[in-house]
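*Asks:* I'm passing along run-v2.cif; it holds mmCIF, C-alpha atoms; chains and numbers go by the auth columns.
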```cif
data_query
loop_
_atom_site.group_PDB
_atom_site.id
_atom_site.type_symbol
_atom_site.label_atom_id
_atom_site.label_comp_id
_atom_site.label_asym_id
_atom_site.label_seq_id
_atom_site.Cartn_x
_atom_site.Cartn_y
_atom_site.Cartn_z
_atom_site.B_iso_or_equiv
_atom_site.auth_seq_id
_atom_site.auth_asym_id
ATOM 1 C CA MET A 1 65.202 -82.202 -88.591 0.00 6 R
ATOM 2 C CA VAL A 2 66.117 -85.853 -88.914 0.00 7 R
ATOM 3 C CA GLU A 3 63.278 -87.684 -90.622 0.00 8 R
ATOM 4 C CA ASP A 4 63.202 -90.380 -93.289 0.00 9 R
ATOM 5 C CA ASN A 5 59.549 -89.845 -94.239 0.00 10 R
ATOM 6 C CA ILE A 6 59.381 -87.111 -96.889 0.00 11 R
ATOM 7 C CA GLY A 7 55.692 -86.547 -96.140 0.00 12 R
ATOM 8 C CA ASP A 8 56.485 -85.650 -92.533 0.00 13 R
ATOM 9 C CA VAL A 9 59.273 -83.330 -93.710 0.00 14 R
ATOM 10 C CA PHE A 10 56.762 -81.545 -95.945 0.00 15 R
ATOM 11 C CA LEU A 11 54.276 -81.227 -93.075 0.00 16 R
ATOM 12 C CA VAL A 12 56.893 -79.715 -90.767 0.00 17 R
ATOM 13 C CA GLN A 13 57.754 -77.203 -93.496 0.00 18 R
ATOM 14 C CA GLU A 14 54.050 -76.356 -93.727 0.00 19 R
ATOM 15 C CA ALA A 15 53.843 -75.954 -89.941 0.00 20 R
ATOM 16 C CA VAL A 16 56.844 -73.607 -89.878 0.00 21 R
ATOM 17 C CA ALA A 17 55.357 -71.524 -92.701 0.00 22 R
ATOM 18 C CA ALA A 18 51.915 -71.404 -91.052 0.00 23 R
ATOM 19 C CA ALA A 19 53.485 -70.261 -87.763 0.00 24 R
ATOM 20 C CA LYS A 20 55.463 -67.607 -89.689 0.00 25 R
ATOM 21 C CA LEU A 21 58.709 -68.678 -88.044 0.00 26 R
ATOM 22 C CA ASP A 22 61.895 -67.075 -89.314 0.00 27 R
ATOM 23 C CA VAL A 23 64.111 -70.153 -89.121 0.00 28 R
ATOM 24 C CA ASP A 24 66.519 -71.950 -91.405 0.00 29 R
ATOM 25 C CA LEU A 25 65.533 -75.577 -91.844 0.00 30 R
ATOM 26 C CA TYR A 26 67.964 -78.382 -92.585 0.00 31 R
ATOM 27 C CA PHE A 27 66.785 -81.914 -93.254 0.00 32 R
ATOM 28 C CA PHE A 28 68.623 -85.187 -92.811 0.00 33 R
ATOM 29 C CA SER A 29 67.158 -88.529 -93.839 0.00 34 R
ATOM 30 C CA ASP A 30 69.144 -90.841 -91.584 0.00 35 R
ATOM 31 C CA GLY A 31 71.077 -90.908 -88.338 0.00 36 R
ATOM 32 C CA ASP A 32 74.501 -91.025 -89.968 0.00 37 R
ATOM 33 C CA GLU A 33 73.868 -87.767 -91.866 0.00 38 R
ATOM 34 C CA ILE A 34 73.144 -85.763 -88.714 0.00 39 R
ATOM 35 C CA VAL A 35 76.084 -87.273 -86.832 0.00 40 R
ATOM 36 C CA GLN A 36 78.381 -86.328 -89.717 0.00 41 R
ATOM 37 C CA PHE A 37 76.897 -82.800 -89.767 0.00 42 R
ATOM 38 C CA VAL A 38 77.504 -82.345 -86.023 0.00 43 R
ATOM 39 C CA ALA A 39 81.047 -83.733 -86.334 0.00 44 R
ATOM 40 C CA GLU A 40 81.765 -81.158 -89.043 0.00 45 R
ATOM 41 C CA ILE A 41 80.325 -78.381 -86.886 0.00 46 R
ATOM 42 C CA GLU A 42 82.592 -79.413 -84.023 0.00 47 R
ATOM 43 C CA HIS A 43 85.617 -79.550 -86.322 0.00 48 R
ATOM 44 C CA ASP A 44 84.914 -76.108 -87.790 0.00 49 R
ATOM 45 C CA SER A 45 83.808 -74.564 -84.452 0.00 50 R
ATOM 46 C CA VAL A 46 80.571 -73.388 -86.032 0.00 51 R
ATOM 47 C CA ARG A 47 77.533 -72.663 -83.874 0.00 52 R
ATOM 48 C CA CYS A 48 75.193 -75.631 -83.390 0.00 53 R
ATOM 49 C CA PRO A 49 71.552 -75.389 -84.412 0.00 54 R
ATOM 50 C CA GLU A 50 69.243 -74.258 -81.625 0.00 55 R
ATOM 51 C CA LEU A 51 66.828 -77.149 -82.055 0.00 56 R
ATOM 52 C CA LEU A 52 66.748 -80.607 -83.551 0.00 57 R
ATOM 53 C CA LEU A 53 63.507 -82.419 -84.395 0.00 58 R
ATOM 54 C CA LEU A 54 64.452 -86.071 -84.203 0.00 59 R
ATOM 55 C CA ASP A 55 62.561 -89.171 -85.247 0.00 60 R
ATOM 56 C CA LEU A 56 63.424 -92.336 -83.319 0.00 61 R
ATOM 57 C CA ASN A 57 62.968 -94.821 -86.161 0.00 62 R
ATOM 58 C CA LEU A 58 65.702 -93.926 -88.618 0.00 63 R
ATOM 59 C CA PRO A 59 67.866 -95.845 -91.065 0.00 64 R
ATOM 60 C CA LYS A 60 71.574 -96.441 -90.389 0.00 65 R
ATOM 61 C CA ARG A 61 71.592 -94.990 -86.845 0.00 66 R
ATOM 62 C CA ASP A 62 68.408 -94.749 -84.795 0.00 67 R
ATOM 63 C CA GLY A 63 67.265 -91.700 -82.873 0.00 68 R
ATOM 64 C CA PHE A 64 68.613 -92.974 -79.554 0.00 69 R
ATOM 65 C CA GLN A 65 72.064 -93.469 -81.049 0.00 70 R
ATOM 66 C CA VAL A 66 71.918 -89.954 -82.496 0.00 71 R
ATOM 67 C CA LEU A 67 70.768 -88.539 -79.173 0.00 72 R
ATOM 68 C CA SER A 68 73.531 -90.354 -77.275 0.00 73 R
ATOM 69 C CA TYR A 69 76.080 -88.946 -79.711 0.00 74 R
ATOM 70 C CA LEU A 70 74.724 -85.416 -79.296 0.00 75 R
ATOM 71 C CA ARG A 71 74.736 -85.639 -75.524 0.00 76 R
ATOM 72 C CA SER A 72 78.363 -86.802 -75.544 0.00 77 R
ATOM 73 C CA SER A 73 79.353 -84.037 -77.970 0.00 78 R
ATOM 74 C CA LYS A 74 81.463 -81.308 -76.413 0.00 79 R
ATOM 75 C CA HIS A 75 80.262 -78.682 -78.844 0.00 80 R
ATOM 76 C CA CYS A 76 76.540 -79.427 -79.233 0.00 81 R
ATOM 77 C CA VAL A 77 75.715 -80.912 -75.845 0.00 82 R
ATOM 78 C CA SER A 78 73.231 -78.127 -75.057 0.00 83 R
ATOM 79 C CA MET A 79 71.346 -78.293 -78.363 0.00 84 R
ATOM 80 C CA ARG A 80 67.627 -78.604 -77.665 0.00 85 R
ATOM 81 C CA VAL A 81 66.094 -81.819 -78.963 0.00 86 R
ATOM 82 C CA ALA A 82 62.441 -82.586 -79.608 0.00 87 R
ATOM 83 C CA ILE A 83 61.551 -86.200 -80.322 0.00 88 R
ATOM 84 C CA MET A 84 58.838 -86.510 -82.961 0.00 89 R
ATOM 85 C CA THR A 85 57.910 -90.157 -83.358 0.00 90 R
ATOM 86 C CA SER A 86 55.160 -92.570 -84.256 0.00 91 R
ATOM 87 C CA SER A 87 56.220 -94.790 -81.340 0.00 92 R
ATOM 88 C CA ARG A 88 53.769 -94.912 -78.487 0.00 93 R
ATOM 89 C CA ALA A 89 55.991 -97.180 -76.382 0.00 94 R
ATOM 90 C CA ARG A 90 56.441 -96.051 -72.804 0.00 95 R
ATOM 91 C CA ALA A 91 60.008 -97.398 -72.858 0.00 96 R
ATOM 92 C CA ASP A 92 60.876 -95.012 -75.724 0.00 97 R
ATOM 93 C CA ARG A 93 59.511 -92.045 -73.788 0.00 98 R
ATOM 94 C CA GLU A 94 61.433 -93.072 -70.673 0.00 99 R
ATOM 95 C CA LYS A 95 64.682 -93.661 -72.561 0.00 100 R
ATOM 96 C CA SER A 96 64.292 -90.269 -74.250 0.00 101 R
ATOM 97 C CA ALA A 97 63.822 -88.614 -70.869 0.00 102 R
ATOM 98 C CA SER A 98 66.966 -90.321 -69.561 0.00 103 R
ATOM 99 C CA LEU A 99 68.849 -88.736 -72.474 0.00 104 R
ATOM 100 C CA ASN A 100 67.540 -85.275 -71.553 0.00 105 R
ATOM 101 C CA VAL A 101 65.209 -84.532 -74.435 0.00 106 R
ATOM 102 C CA ASP A 102 63.490 -81.177 -74.217 0.00 107 R
ATOM 103 C CA TYR A 103 60.196 -82.273 -75.722 0.00 108 R
ATOM 104 C CA TYR A 104 58.623 -85.566 -76.779 0.00 109 R
ATOM 105 C CA PHE A 105 55.517 -85.912 -78.885 0.00 110 R
ATOM 106 C CA ASN A 106 53.819 -88.393 -81.137 0.00 111 R
ATOM 107 C CA LYS A 107 53.423 -87.569 -84.795 0.00 112 R
ATOM 108 C CA PRO A 108 49.992 -86.070 -85.322 0.00 113 R
ATOM 109 C CA GLY A 109 47.383 -87.951 -87.285 0.00 114 R
ATOM 110 C CA SER A 110 45.870 -85.000 -89.137 0.00 115 R
ATOM 111 C CA TYR A 111 47.075 -82.014 -91.126 0.00 116 R
ATOM 112 C CA GLU A 112 45.561 -79.582 -88.632 0.00 117 R
ATOM 113 C CA GLU A 113 47.337 -81.267 -85.744 0.00 118 R
ATOM 114 C CA PHE A 114 50.618 -81.291 -87.668 0.00 119 R
ATOM 115 C CA LEU A 115 50.397 -77.519 -88.108 0.00 120 R
ATOM 116 C CA LYS A 116 50.553 -77.151 -84.316 0.00 121 R
ATOM 117 C CA ILE A 117 54.185 -78.297 -84.495 0.00 122 R
ATOM 118 C CA GLY A 118 54.997 -74.721 -85.459 0.00 123 R
ATOM 119 C CA ASP A 119 53.880 -73.642 -81.978 0.00 124 R
ATOM 120 C CA VAL A 120 56.079 -76.304 -80.402 0.00 125 R
ATOM 121 C CA ILE A 121 59.074 -75.083 -82.385 0.00 126 R
ATOM 122 C CA ARG A 122 58.352 -71.479 -81.401 0.00 127 R
ATOM 123 C CA GLU A 123 58.208 -72.490 -77.742 0.00 128 R
ATOM 124 C CA LEU A 124 61.506 -74.370 -77.906 0.00 129 R
ATOM 125 C CA ILE A 125 63.508 -71.703 -79.706 0.00 130 R
#
```
As structure tokens, what does this structure read like?

*Replies:*
Amino acid sequence: MVEDNIGDVFLVQEAVAAAKLDVDLYFFSDGDEIVQFVAEIEHDSVRCPELLLLDLNLPKRDGFQVLSYLRSSKHCVSMRVAIMTSSRARADREKSASLNVDYYFNKPGSYEEFLKIGDVIRELI
């Protein structure tokens, strides 16, 4: 998960626990951190994560730049990506679709709605 809001990170952890998903979670707070992580995976020929939850509004490198990097990656090109954003802009949704995201959703406004993210993760993995 690439998210700079610690509250949203906590809520995703809660959603994974509530859904009783047996997954390893890794968190990155900016776009550069995830790009560096993927570059190291490619260098070491390690298996890519199955799914990336990606915010669009990130420090250092935004979600679209991260997504473009992933899609040009030889090693992690098929990694599933779910955009989780506060942006309601149609242009963001369209640009995400053009970069082959697997799922796009707006950040929920309530705790109960946030817990449903566990179901989304289950569906995507």

*Asks:* R:Arg95: which residues within 12 Å, counting only C-alpha atoms, same-chain residues fewer than 3 positions away excluded, as a count of residues only?

*Replies:* 9

*Asks:* Enclose the full set of atoms of stretch 87-99 of chain R listed in the file within a box whose edges lie along x, y and z, apply 8 Å of padding to each of the six sides, and report centre and edge lengths in Å to one decimal as AutoDock Vina command-line options.

*Replies:*
```
--center_x 58.1 --center_y -90.0 --center_z -77.5 --size_x 24.7 --size_y 30.8 --size_z 29.6
```

*Asks:* Any chance you could tabulate, as a Markdown table, the residues of stretch 28-72 of chain R at most 6 Å from stretch 83-88 of chain R with each one's nearest atom pair and distance in Å to one decimal, using all atoms listed in the file, in chain and rising number order?

*Replies:*
```
| residue | atom | partner | partner_atom | distance |
| --- | --- | --- | --- | --- |
| R:Glu55 | CA | R:Met84 | CA | 5.6 |
| R:Leu56 | CA | R:Arg85 | CA | 4.7 |
| R:Leu57 | CA | R:Val86 | CA | 4.8 |
| R:Leu58 | CA | R:Ala87 | CA | 4.9 |
| R:Leu59 | CA | R:Ile88 | CA | 4.8 |
| R:Asp60 | CA | R:Ile88 | CA | 5.8 |
```

*Asks:* Please expand the PyMOL selection byres ((chain R and resi 31) around 10) into the concrete residues it hits in this file, giving the result as a list in words.

*Replies:*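 Expected selection for the PyMOL selection byres ((chain R and resi 31) around 10) here is Met6, Val7, Val28, Asp29, Leu30, Phe32, Phe33, Ile39, Pro54 and Leu57 of chain R.
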
*Asks:* Those selected residues, please, written with C-alpha atoms and delivered as a PDB file, in the frame of the given file.

*Replies:*
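Result file part31.pdb:
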```pdb
ATOM      1  CA  MET R   6      65.202 -82.202 -88.591  1.00  0.00           C
ATOM      2  CA  VAL R   7      66.117 -85.853 -88.914  1.00  0.00           C
ATOM      3  CA  VAL R  28      64.111 -70.153 -89.121  1.00  0.00           C
ATOM      4  CA  ASP R  29      66.519 -71.950 -91.405  1.00  0.00           C
ATOM      5  CA  LEU R  30      65.533 -75.577 -91.844  1.00  0.00           C
ATOM      6  CA  PHE R  32      66.785 -81.914 -93.254  1.00  0.00           C
ATOM      7  CA  PHE R  33      68.623 -85.187 -92.811  1.00  0.00           C
ATOM      8  CA  ILE R  39      73.144 -85.763 -88.714  1.00  0.00           C
ATOM      9  CA  PRO R  54      71.552 -75.389 -84.412  1.00  0.00           C
ATOM     10  CA  LEU R  57      66.748 -80.607 -83.551  1.00  0.00           C
TER      11      LEU R  57
END
```

*Asks:* Skipping near chain neighbours, those fewer than 5 positions away, what residues fall within 9 Å of stretch 8-18 of chain R using all atoms listed in the file, listed as a VMD selection string?

*Replies:* chain R and resid 23 30 32 to 36 58 to 64 89 112 116 119 to 120 122 to 123

*Asks:* Calculated over all atoms listed in the file, which of the candidates R:Gly68, R:Lys25, R:Tyr74, R:Gly114 has the smallest distance to R:Gln41?

*Replies:*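 Distance minimum relative to R:Gln41 lands on R:Tyr74.
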